[in-house]
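Just target-v3.txt here, compact mmCIF, C-alpha atoms and all ligand atoms:
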```
# COMPACT_ATOMS: atom_id res chain seq x y z
CA MET A 24 256.47 163.83 24.17
CA PRO A 25 254.04 164.98 21.53
CA ILE A 26 250.31 164.94 22.25
CA LEU A 27 248.73 163.66 19.04
CA ILE A 28 245.04 163.81 18.19
CA ALA A 29 243.87 160.20 17.93
CA THR A 30 243.42 160.05 14.14
CA PRO A 31 243.75 156.65 12.41
CA ASP A 32 247.27 157.62 11.23
CA ASN A 33 248.37 158.61 14.72
CA ILE A 34 246.86 155.46 16.22
CA ARG A 35 249.02 153.48 13.76
CA LEU A 36 252.11 155.49 14.82
CA ALA A 37 251.33 154.76 18.46
CA ALA A 38 250.77 151.06 17.73
CA ASP A 39 254.21 150.93 16.05
CA ALA A 40 255.71 152.61 19.10
CA LEU A 41 254.12 149.96 21.36
CA ARG A 42 255.53 147.19 19.16
CA ARG A 43 259.00 148.77 19.46
CA GLY A 44 258.72 148.59 23.24
CA GLU A 45 257.95 152.29 23.80
CA LEU A 46 255.39 153.77 26.21
CA VAL A 47 252.20 155.37 24.91
CA GLY A 48 249.71 157.57 26.75
CA MET A 49 246.33 156.09 25.92
CA PRO A 50 242.83 157.39 26.60
CA THR A 51 240.33 155.03 28.21
CA GLU A 52 236.82 155.67 29.53
CA THR A 53 238.15 155.78 33.13
CA VAL A 54 241.51 157.62 33.13
CA TYR A 55 244.48 157.91 30.75
CA GLY A 56 246.78 154.88 30.86
CA LEU A 57 250.53 154.59 30.28
CA GLY A 58 250.54 151.64 27.90
CA CYS A 59 253.25 149.18 26.93
CA ASN A 60 253.51 145.75 25.33
CA ALA A 61 252.51 143.41 28.19
CA LEU A 62 254.56 140.58 26.68
CA ASP A 63 257.79 142.62 26.54
CA GLU A 64 259.50 142.55 29.91
CA ALA A 65 261.84 145.45 29.11
CA ALA A 66 258.86 147.63 28.14
CA VAL A 67 257.06 146.69 31.35
CA ARG A 68 260.19 147.57 33.34
CA ALA A 69 260.24 150.97 31.61
CA VAL A 70 256.69 151.65 32.82
CA PHE A 71 257.65 150.95 36.43
CA ALA A 72 260.73 153.15 36.04
CA ALA A 73 258.86 156.07 34.42
CA LYS A 74 256.18 156.05 37.12
CA GLU A 75 258.68 155.40 39.94
CA ARG A 76 256.30 152.62 40.92
CA PRO A 77 257.36 149.85 43.34
CA ALA A 78 257.88 146.53 41.52
CA ASP A 79 255.34 144.70 43.72
CA ASN A 80 252.46 146.91 42.54
CA PRO A 81 250.92 145.00 39.61
CA LEU A 82 249.65 146.49 36.33
CA ILE A 83 246.32 145.97 34.58
CA VAL A 84 246.51 144.28 31.17
CA HIS A 85 244.15 145.76 28.55
CA ILE A 86 242.69 143.61 25.81
CA ALA A 87 240.38 144.27 22.85
CA ASP A 88 238.91 140.80 22.33
CA MET A 89 238.19 137.63 24.29
CA GLU A 90 240.69 135.55 22.25
CA THR A 91 243.58 137.55 23.71
CA LEU A 92 242.30 136.90 27.23
CA LEU A 93 243.76 133.43 27.30
CA GLN A 94 247.20 134.75 26.26
CA VAL A 95 247.11 136.64 29.52
CA ALA A 96 245.02 134.61 31.96
CA GLU A 97 245.11 130.88 32.45
CA ALA A 98 241.41 130.46 33.17
CA LEU A 99 238.13 132.36 33.27
CA PRO A 100 236.12 131.12 36.28
CA ALA A 101 232.31 131.03 35.81
CA ASP A 102 231.53 134.17 37.83
CA ALA A 103 234.30 136.07 36.04
CA ALA A 104 232.86 135.01 32.68
CA LYS A 105 229.46 136.38 33.72
CA LEU A 106 230.98 139.70 34.77
CA ALA A 107 233.04 139.98 31.58
CA ALA A 108 229.98 139.25 29.44
CA ALA A 109 227.96 141.91 31.26
CA PHE A 110 230.53 144.70 31.72
CA TRP A 111 233.20 144.41 29.00
CA PRO A 112 234.12 146.60 27.35
CA GLY A 113 233.83 148.76 30.47
CA PRO A 114 235.30 150.03 33.74
CA LEU A 115 235.73 146.61 35.37
CA THR A 116 239.04 144.82 36.01
CA LEU A 117 239.03 141.10 36.78
CA VAL A 118 241.84 139.47 38.75
CA LEU A 119 242.36 135.98 37.28
CA PRO A 120 244.94 133.18 37.40
CA ARG A 121 247.99 134.36 35.42
CA ASN A 122 249.16 132.73 32.23
CA PRO A 123 252.81 131.81 32.95
CA ALA A 124 253.79 133.18 29.50
CA LEU A 125 253.15 136.70 30.81
CA PRO A 126 256.22 138.41 32.35
CA LEU A 127 256.02 138.05 36.13
CA LEU A 128 256.77 141.76 36.54
CA VAL A 129 253.37 142.69 35.01
CA SER A 130 251.75 140.96 37.98
CA GLY A 131 254.20 142.35 40.52
CA GLY A 132 255.38 138.82 41.24
CA LEU A 133 251.90 137.37 41.91
CA ASN A 134 250.44 134.28 40.26
CA THR A 135 247.34 136.31 39.33
CA VAL A 136 246.80 138.92 36.63
CA ALA A 137 244.40 141.87 36.40
CA VAL A 138 242.67 142.23 33.01
CA ARG A 139 240.15 144.58 31.50
CA MET A 140 238.66 145.52 28.13
CA PRO A 141 238.34 149.32 28.06
CA ASP A 142 235.22 150.96 26.64
CA HIS A 143 236.98 153.53 24.49
CA ALA A 144 237.19 153.43 20.70
CA VAL A 145 240.76 154.82 20.65
CA ALA A 146 242.06 152.34 23.21
CA LEU A 147 240.42 149.42 21.42
CA SER A 148 241.75 150.51 18.00
CA LEU A 149 245.23 151.01 19.43
CA ILE A 150 245.30 147.58 21.08
CA ARG A 151 243.98 145.94 17.89
CA ALA A 152 246.45 147.81 15.67
CA ALA A 153 249.35 146.80 17.92
CA GLY A 154 248.08 143.22 18.01
CA LEU A 155 249.18 142.91 21.63
CA PRO A 156 247.82 142.86 25.16
CA VAL A 157 248.65 146.30 26.57
CA ALA A 158 249.72 146.66 30.20
CA ALA A 159 248.73 150.11 31.41
CA PRO A 160 248.69 151.72 34.83
CA SER A 161 247.19 155.17 35.11
CA ALA A 162 249.47 157.70 33.36
CA ASN A 163 250.66 159.53 36.47
CA ARG A 164 253.64 159.24 38.76
CA PHE A 165 253.33 156.91 41.75
CA MET A 166 250.79 158.16 44.34
CA ARG A 167 249.75 161.16 42.25
CA LEU A 168 246.46 162.15 40.63
CA SER A 169 245.35 160.14 37.62
CA PRO A 170 244.89 162.17 34.43
CA THR A 171 241.48 162.35 32.76
CA ARG A 172 242.59 164.80 30.02
CA ALA A 173 245.53 164.36 27.62
CA GLU A 174 247.10 167.61 28.85
CA ASP A 175 247.17 166.30 32.44
CA VAL A 176 249.47 163.42 31.45
CA GLU A 177 252.99 164.27 32.63
CA PRO A 178 255.07 165.05 29.54
CA GLU A 179 258.11 162.95 30.52
CA LEU A 180 256.22 159.69 30.92
CA ALA A 181 255.47 158.60 27.35
CA SER A 182 256.96 158.89 23.89
CA ILE A 183 253.50 159.64 22.45
CA VAL A 184 250.23 160.63 24.11
CA LEU A 185 247.11 159.98 22.05
CA ASP A 186 244.49 162.63 22.77
CA GLY A 187 241.10 160.96 22.81
CA GLY A 188 239.31 163.74 24.68
CA ASP A 189 238.14 163.82 28.30
CA CYS A 190 237.56 160.49 30.03
CA ARG A 191 233.86 159.75 30.41
CA VAL A 192 233.93 157.89 33.75
CA GLY A 193 236.75 159.77 35.46
CA VAL A 194 237.60 157.31 38.26
CA GLU A 195 239.57 154.11 37.74
CA SER A 196 237.97 150.74 37.07
CA THR A 197 236.48 148.55 39.79
CA VAL A 198 238.96 145.75 40.55
CA VAL A 199 237.31 142.41 41.40
CA ASP A 200 239.31 139.41 42.58
CA CYS A 201 237.85 136.31 40.88
CA THR A 202 240.47 133.82 42.08
CA GLY A 203 238.68 132.82 45.31
CA PRO A 204 235.41 130.96 45.86
CA ILE A 205 233.35 134.19 45.82
CA PRO A 206 234.43 137.32 43.89
CA ARG A 207 235.34 140.34 45.99
CA ILE A 208 236.02 144.00 45.30
CA LEU A 209 239.62 145.07 45.82
CA ARG A 210 239.12 148.64 44.60
CA PRO A 211 235.76 150.42 44.13
CA GLY A 212 235.46 152.13 40.75
CA GLY A 213 233.38 152.77 37.66
CA VAL A 214 231.06 149.77 38.17
CA THR A 215 229.19 149.74 41.50
CA ARG A 216 228.89 146.86 43.94
CA SER A 217 225.15 146.55 43.29
CA ASP A 218 225.66 146.45 39.49
CA LEU A 219 228.01 143.49 40.05
CA GLU A 220 225.71 141.69 42.49
CA VAL A 221 222.71 141.99 40.17
CA VAL A 222 224.65 140.24 37.40
CA LEU A 223 226.12 137.56 39.68
CA GLY A 224 222.81 136.85 41.37
CA HIS A 225 224.59 136.69 44.75
CA SER A 226 226.54 138.93 47.12
CA LEU A 227 230.23 139.64 46.72
CA ALA A 228 232.61 138.43 49.41
CA SER A 229 233.23 140.92 52.20
CA PRO A 230 236.25 143.21 51.87
CA PRO A 231 239.58 141.98 53.27
CA GLU A 232 239.93 142.37 57.06
CA SER A 233 241.85 145.51 57.91
CA GLY A 234 245.43 144.54 58.60
CA GLU A 235 245.27 141.79 56.00
CA ARG A 236 247.02 142.87 52.83
CA ARG A 237 244.50 144.19 50.34
CA SER A 238 245.12 144.61 46.67
CA PRO A 239 248.82 145.33 46.33
CA GLY A 240 249.27 148.97 45.47
CA GLN A 241 246.27 150.17 47.47
CA TYR A 242 247.87 152.62 49.86
CA PRO A 243 246.04 154.76 52.41
CA ARG A 244 247.52 157.83 50.76
CA HIS A 245 247.13 157.62 47.01
CA TYR A 246 245.61 159.54 44.11
CA SER A 247 246.86 162.71 45.76
CA PRO A 248 247.40 166.25 44.61
CA LEU A 249 250.70 167.79 45.79
CA THR A 250 248.64 170.35 47.73
CA PRO A 251 247.25 169.00 51.04
CA LEU A 252 243.59 168.07 50.66
CA ARG A 253 241.06 168.27 53.50
CA LEU A 254 237.50 166.95 53.54
CA ALA A 255 234.97 169.23 55.23
CA GLU A 256 231.24 169.52 55.65
CA GLN A 257 231.26 172.93 54.01
CA ILE A 258 233.88 175.07 52.33
CA GLY A 259 234.52 178.51 53.82
CA GLU A 260 234.07 181.65 51.76
CA PHE A 261 237.81 182.33 51.61
CA GLU A 262 238.95 178.76 51.08
CA ALA A 263 239.84 177.06 47.79
CA GLY A 264 238.42 173.72 46.72
CA LEU A 265 235.38 171.81 45.53
CA THR A 266 231.85 172.74 46.52
CA PHE A 267 228.33 171.50 45.90
CA GLY A 268 227.06 175.05 46.27
CA GLU A 269 227.59 178.24 44.33
CA PRO A 270 231.36 179.00 44.21
CA PHE A 271 232.35 182.21 46.05
CA HIS A 272 235.32 182.89 43.73
CA LYS A 273 237.40 181.30 40.97
CA LEU A 274 239.45 179.09 43.29
CA GLN A 275 236.28 177.23 44.15
CA ILE A 276 234.92 174.74 41.63
CA GLY A 277 231.22 173.89 41.65
CA MET A 278 230.72 170.13 41.42
CA PRO A 279 227.68 168.13 40.24
CA ARG A 280 225.45 166.56 42.90
CA ASP A 281 225.19 163.26 41.03
CA PRO A 282 227.99 160.72 41.55
CA LEU A 283 228.64 159.99 37.85
CA GLY A 284 228.91 163.65 36.91
CA TYR A 285 231.10 164.30 39.96
CA ALA A 286 233.46 161.40 39.17
CA ALA A 287 233.84 162.54 35.57
CA ARG A 288 235.10 165.96 36.71
CA LEU A 289 236.97 165.13 39.91
CA TYR A 290 240.58 164.61 38.75
CA ALA A 291 240.53 167.48 36.23
CA ALA A 292 239.25 169.80 38.97
CA LEU A 293 241.96 168.67 41.42
CA HIS A 294 244.67 168.98 38.73
CA ARG A 295 243.51 172.54 38.09
CA LEU A 296 243.59 173.54 41.76
CA ASP A 297 246.88 171.74 42.31
CA LYS A 298 248.58 174.17 39.89
CA GLN A 299 247.48 177.25 41.89
CA ASP A 300 250.09 177.21 44.69
CA LEU A 301 247.45 176.84 47.37
CA ALA A 302 248.15 176.04 51.03
CA GLU A 303 245.22 173.62 51.05
CA ILE A 304 242.39 172.25 48.92
CA VAL A 305 239.10 171.88 50.82
CA VAL A 306 236.59 169.39 49.44
CA GLU A 307 232.98 169.25 50.62
CA SER A 308 232.27 165.65 51.58
CA PRO A 309 229.87 163.82 49.26
CA PRO A 310 227.09 161.71 50.82
CA GLU A 311 228.13 158.35 52.35
CA GLU A 312 226.00 156.38 49.89
CA PRO A 313 226.80 153.28 47.80
CA ALA A 314 226.65 155.22 44.53
CA TRP A 315 229.42 157.49 45.85
CA GLU A 316 231.70 154.65 47.02
CA ALA A 317 234.44 155.13 44.38
CA VAL A 318 234.49 158.92 44.71
CA ASN A 319 234.60 158.75 48.52
CA ASP A 320 237.40 156.16 48.36
CA ARG A 321 239.55 158.43 46.15
CA LEU A 322 238.83 161.54 48.24
CA ARG A 323 239.70 159.76 51.49
CA ARG A 324 242.97 158.52 50.00
CA ALA A 325 243.76 161.95 48.54
CA SER A 326 243.28 163.41 52.03
CA GLY A 327 245.67 160.79 53.43
CA ASP A 328 242.91 159.18 55.50
CA SER A 329 243.07 155.42 55.18
CA GLY A 330 240.28 153.80 53.21
O1 LIG B 1 240.72 152.33 35.13
C1 LIG B 1 241.78 151.76 35.33
O2 LIG B 1 241.87 150.68 35.94
C2 LIG B 1 243.06 152.47 34.84
C3 LIG B 1 243.01 152.50 33.30
C4 LIG B 1 244.27 153.04 32.69
O3 LIG B 1 242.70 151.23 32.81
N1 LIG B 1 244.23 151.79 35.30
C5 LIG B 1 244.64 151.84 36.60
O4 LIG B 1 245.83 151.18 36.81
O5 LIG B 1 244.02 152.39 37.47
P1 LIG B 1 246.69 151.35 38.13
O6 LIG B 1 247.97 150.69 37.85
O7 LIG B 1 246.76 152.80 38.51
O8 LIG B 1 245.92 150.51 39.21
C6 LIG B 1 245.92 149.11 39.10
C7 LIG B 1 245.54 148.48 40.39
C8 LIG B 1 246.75 148.19 41.29
O9 LIG B 1 247.08 149.25 42.10
C9 LIG B 1 246.27 147.01 42.07
O10 LIG B 1 245.58 147.49 43.19
C10 LIG B 1 245.28 146.30 41.15
O11 LIG B 1 245.00 147.19 40.11
N2 LIG B 1 245.85 145.06 40.63
C11 LIG B 1 246.55 144.87 39.49
N3 LIG B 1 246.92 143.58 39.36
C12 LIG B 1 246.46 142.94 40.44
C13 LIG B 1 246.52 141.59 40.90
N4 LIG B 1 247.14 140.64 40.20
N5 LIG B 1 245.93 141.28 42.08
C14 LIG B 1 245.28 142.24 42.78
N6 LIG B 1 245.19 143.54 42.41
C15 LIG B 1 245.77 143.89 41.26
MG MG B 2 246.99 154.53 39.40
```
Could you render the structure from this file as structure tokens?
Amino acid sequence: MPILIATPDNIRLAADALRRGELVGMPTETVYGLGCNALDEAAVRAVFAAKERPADNPLIVHIADMETLLQVAEALPADAAKLAAAFWPGPLTLVLPRNPALPLLVSGGLNTVAVRMPDHAVALSLIRAAGLPVAAPSANRFMRLSPTRAEDVEPELASIVLDGGDCRVGVESTVVDCTGPIPRILRPGGVTRSDLEVVLGHSLASPPESGERRSPGQYPRHYSPLTPLRLAEQIGEFEAGLTFGEPFHKLQIGMPRDPLGYAARLYAALHRLDKQDLAEIVVESPPEEPAWEAVNDRLRRASGDSG
């Protein structure tokens, strides 16, 4: 799998590959995606196979314009339209009624579909050049860390990886279910709850009761390095991991104290430590504040603690 700098020529090559039903590693503002033609069932099947992802774990369909939305979704409810107008292109995924023309496998067998318009020039050019809606999960194997740099995409997954630089947001998009009477967050992410509520002018519905099935594909253990990860108040001098303080040695990575800066660096830092043959990665717990919701969610899942 060659990693190609995302020049206009290479974007055209990648768009041709998508049209042929191949898989392309694609930069977005959140994490790298493993893209395929959402309308080609065989291509979608290849994504599930490459990732070793269970077939009931639905993919997000990426679009570059609002016209394509109705090829994918059957309707855009009023609140969803408000959110799309405010946050697209951007790190927000809307769950909408599915257009029956879309292969059922994209939606993991559900009658809904998750859609987003990524805020990344390379992703948008690629989708436009291919002329297709692009289904793309994060470009990692099932349950593993998402990649935020082209070189962290696993080489066997795609036929081409377009290198569009480091992802700006660094955690996945916020997934909002817009198929019920009041929208609700299924996965915290790049857009915060309060950002959404300001635009809607009302509160979001409360999260699903524990026990009730949440968003399919949201597992307690998820987004994990291979090395066991433990959350702690403070990292010890001889431990390896992520710290808010001054690192004691090179197996400690100093992290920003602001949630956006932290999110942007999180997966790259964990990928780096995961390659060091460590017994354990210790991560200093960020504050339990709304602005840290997405980061705390990913860290809890990476530590195997249910979120
Ligand atoms: O930022 C992102 O969202 C990245 C980039 C590549 O766009 N993509 C991503 O995809 O994180 P993935 O496949 O790793 O996570 C998609 C999640 C699923 O695990 C599931 O929880 C939710 O989106 N999802 C997808 N379709 C859904 C549906 N129809 N109903 C409810 N949840 C859905
Ligand atoms: Mg993922």
May I have the residues within 12 Å of A:Glu97 as a PyMOL selection string, using only C-alpha atoms and disregarding those fewer than 3 positions away in the same chain? chain A and resi 91-94+100+118-125+134-138+202
May I have the residues within 12 Å of A:Pro313 as a PDB file with C-alpha atoms, in the frame of the given file, using all atoms listed in the file and disregarding those fewer than 6 positions away in the same chain?
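The resulting file, result_21.pdb, is shown below:
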```
ATOM      1  CA  PRO A 211     235.760 150.420  44.130  1.00  0.00           C
ATOM      2  CA  GLY A 212     235.460 152.130  40.750  1.00  0.00           C
ATOM      3  CA  VAL A 214     231.060 149.770  38.170  1.00  0.00           C
ATOM      4  CA  THR A 215     229.190 149.740  41.500  1.00  0.00           C
ATOM      5  CA  ARG A 216     228.890 146.860  43.940  1.00  0.00           C
ATOM      6  CA  SER A 217     225.150 146.550  43.290  1.00  0.00           C
ATOM      7  CA  ASP A 218     225.660 146.450  39.490  1.00  0.00           C
ATOM      8  CA  PRO A 282     227.990 160.720  41.550  1.00  0.00           C
ATOM      9  CA  ASN A 319     234.600 158.750  48.520  1.00  0.00           C
ATOM     10  CA  ASP A 320     237.400 156.160  48.360  1.00  0.00           C
TER      11      ASP A 320
END
```
Would you pick out the contacts of stretch 147-149 of chain A at 12 Å or less, using all atoms listed in the file, so that residues sharing its chain but fewer than 3 positions from it are not included, and give the list as an MDAnalysis selection string? chainID A and resid 29:42 47:52 58:60 85:88 111:113 139:144 152:157 184:185 187
Go through chain A and flag each residue having an atom no more than 10 Å from ligand MG 2 (chain B); for those, report the closest pair of atoms plus their distance in Å to one decimal, using all atoms listed in the file, ordered by chain and rising number, as JSON lines.
```
{"residue": "A:Val54", "atom": "CA", "partner": "B:MG2", "partner_atom": "MG", "distance": 8.9}
{"residue": "A:Tyr55", "atom": "CA", "partner": "B:MG2", "partner_atom": "MG", "distance": 9.6}
{"residue": "A:Gly56", "atom": "CA", "partner": "B:MG2", "partner_atom": "MG", "distance": 8.5}
{"residue": "A:Leu57", "atom": "CA", "partner": "B:MG2", "partner_atom": "MG", "distance": 9.8}
{"residue": "A:Lys74", "atom": "CA", "partner": "B:MG2", "partner_atom": "MG", "distance": 9.6}
{"residue": "A:Arg76", "atom": "CA", "partner": "B:MG2", "partner_atom": "MG", "distance": 9.6}
{"residue": "A:Asn80", "atom": "CA", "partner": "B:MG2", "partner_atom": "MG", "distance": 9.9}
{"residue": "A:Leu82", "atom": "CA", "partner": "B:MG2", "partner_atom": "MG", "distance": 9.0}
{"residue": "A:Ile83", "atom": "CA", "partner": "B:MG2", "partner_atom": "MG", "distance": 9.8}
{"residue": "A:Ala159", "atom": "CA", "partner": "B:MG2", "partner_atom": "MG", "distance": 9.3}
{"residue": "A:Pro160", "atom": "CA", "partner": "B:MG2", "partner_atom": "MG", "distance": 5.6}
{"residue": "A:Ser161", "atom": "CA", "partner": "B:MG2", "partner_atom": "MG", "distance": 4.3}
{"residue": "A:Ala162", "atom": "CA", "partner": "B:MG2", "partner_atom": "MG", "distance": 7.3}
{"residue": "A:Asn163", "atom": "CA", "partner": "B:MG2", "partner_atom": "MG", "distance": 6.9}
{"residue": "A:Arg164", "atom": "CA", "partner": "B:MG2", "partner_atom": "MG", "distance": 8.2}
{"residue": "A:Phe165", "atom": "CA", "partner": "B:MG2", "partner_atom": "MG", "distance": 7.2}
{"residue": "A:Met166", "atom": "CA", "partner": "B:MG2", "partner_atom": "MG", "distance": 7.2}
{"residue": "A:Arg167", "atom": "CA", "partner": "B:MG2", "partner_atom": "MG", "distance": 7.7}
{"residue": "A:Leu168", "atom": "CA", "partner": "B:MG2", "partner_atom": "MG", "distance": 7.7}
{"residue": "A:Ser169", "atom": "CA", "partner": "B:MG2", "partner_atom": "MG", "distance": 6.1}
{"residue": "A:Pro170", "atom": "CA", "partner": "B:MG2", "partner_atom": "MG", "distance": 9.4}
{"residue": "A:Val194", "atom": "CA", "partner": "B:MG2", "partner_atom": "MG", "distance": 9.9}
{"residue": "A:Glu195", "atom": "CA", "partner": "B:MG2", "partner_atom": "MG", "distance": 7.6}
{"residue": "A:Gly240", "atom": "CA", "partner": "B:MG2", "partner_atom": "MG", "distance": 8.5}
{"residue": "A:Gln241", "atom": "CA", "partner": "B:MG2", "partner_atom": "MG", "distance": 9.2}
{"residue": "A:His245", "atom": "CA", "partner": "B:MG2", "partner_atom": "MG", "distance": 8.2}
{"residue": "A:Tyr246", "atom": "CA", "partner": "B:MG2", "partner_atom": "MG", "distance": 7.0}
```
Go through A:His294, A:Arg244, A:Arg280, A:Arg68 and flag the residue nearest A:Glu177, using all atoms listed in the file for the distances.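 Residue with the minimum atom-to-atom distance to A:Glu177: A:His294.
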When distances are computed from only C-alpha atoms and all ligand atoms, which of A:Ala173, A:Leu62, A:Leu128, A:Leu209 shows the smallest separation from ligand LIG 1 (chain B)? A:Leu209
Find the distance between atom C7 of ligand LIG 1 (chain B) and atom CA of A:Arg210 and write it in Å to one decimal. 7.7 Å
Considering only C-alpha atoms, state which residue in the set A:Ile150, A:Ala103, A:Ala65, A:Leu322 is at the smallest distance from A:Pro243. A:Leu322
Name all residues at most 9 Å from A:His272 (count only C-alpha atoms; drop same-chain ones fewer than 6 positions away) and give them as a tab-separated table (two decimals) with C-alpha atoms, keeping the file's coordinate frame.
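For reference, out.tsv as written:
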```tsv
chain	number	residue	atom	x	y	z
A	260	GLU	CA	234.07	181.65	51.76
A	261	PHE	CA	237.81	182.33	51.61
A	263	ALA	CA	239.84	177.06	47.79
```
Expressed in Å, the length from atom CA of A:Glu312 to atom CA of A:Leu283 is 12.8 Å
Can you work out which one of A:Gly203, A:Gly213, A:Pro25, A:Pro251 has the shortest atom-to-atom distance to A:Thr116, counting only C-alpha atoms? A:Gly213
Proximity to ligand LIG 1 (chain B) - best of A:Ile276, A:Val129, A:Ala107, A:Leu99, only C-alpha atoms and all ligand atoms: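 Distance minimum relative to ligand LIG 1 (chain B) lands on A:Val129.
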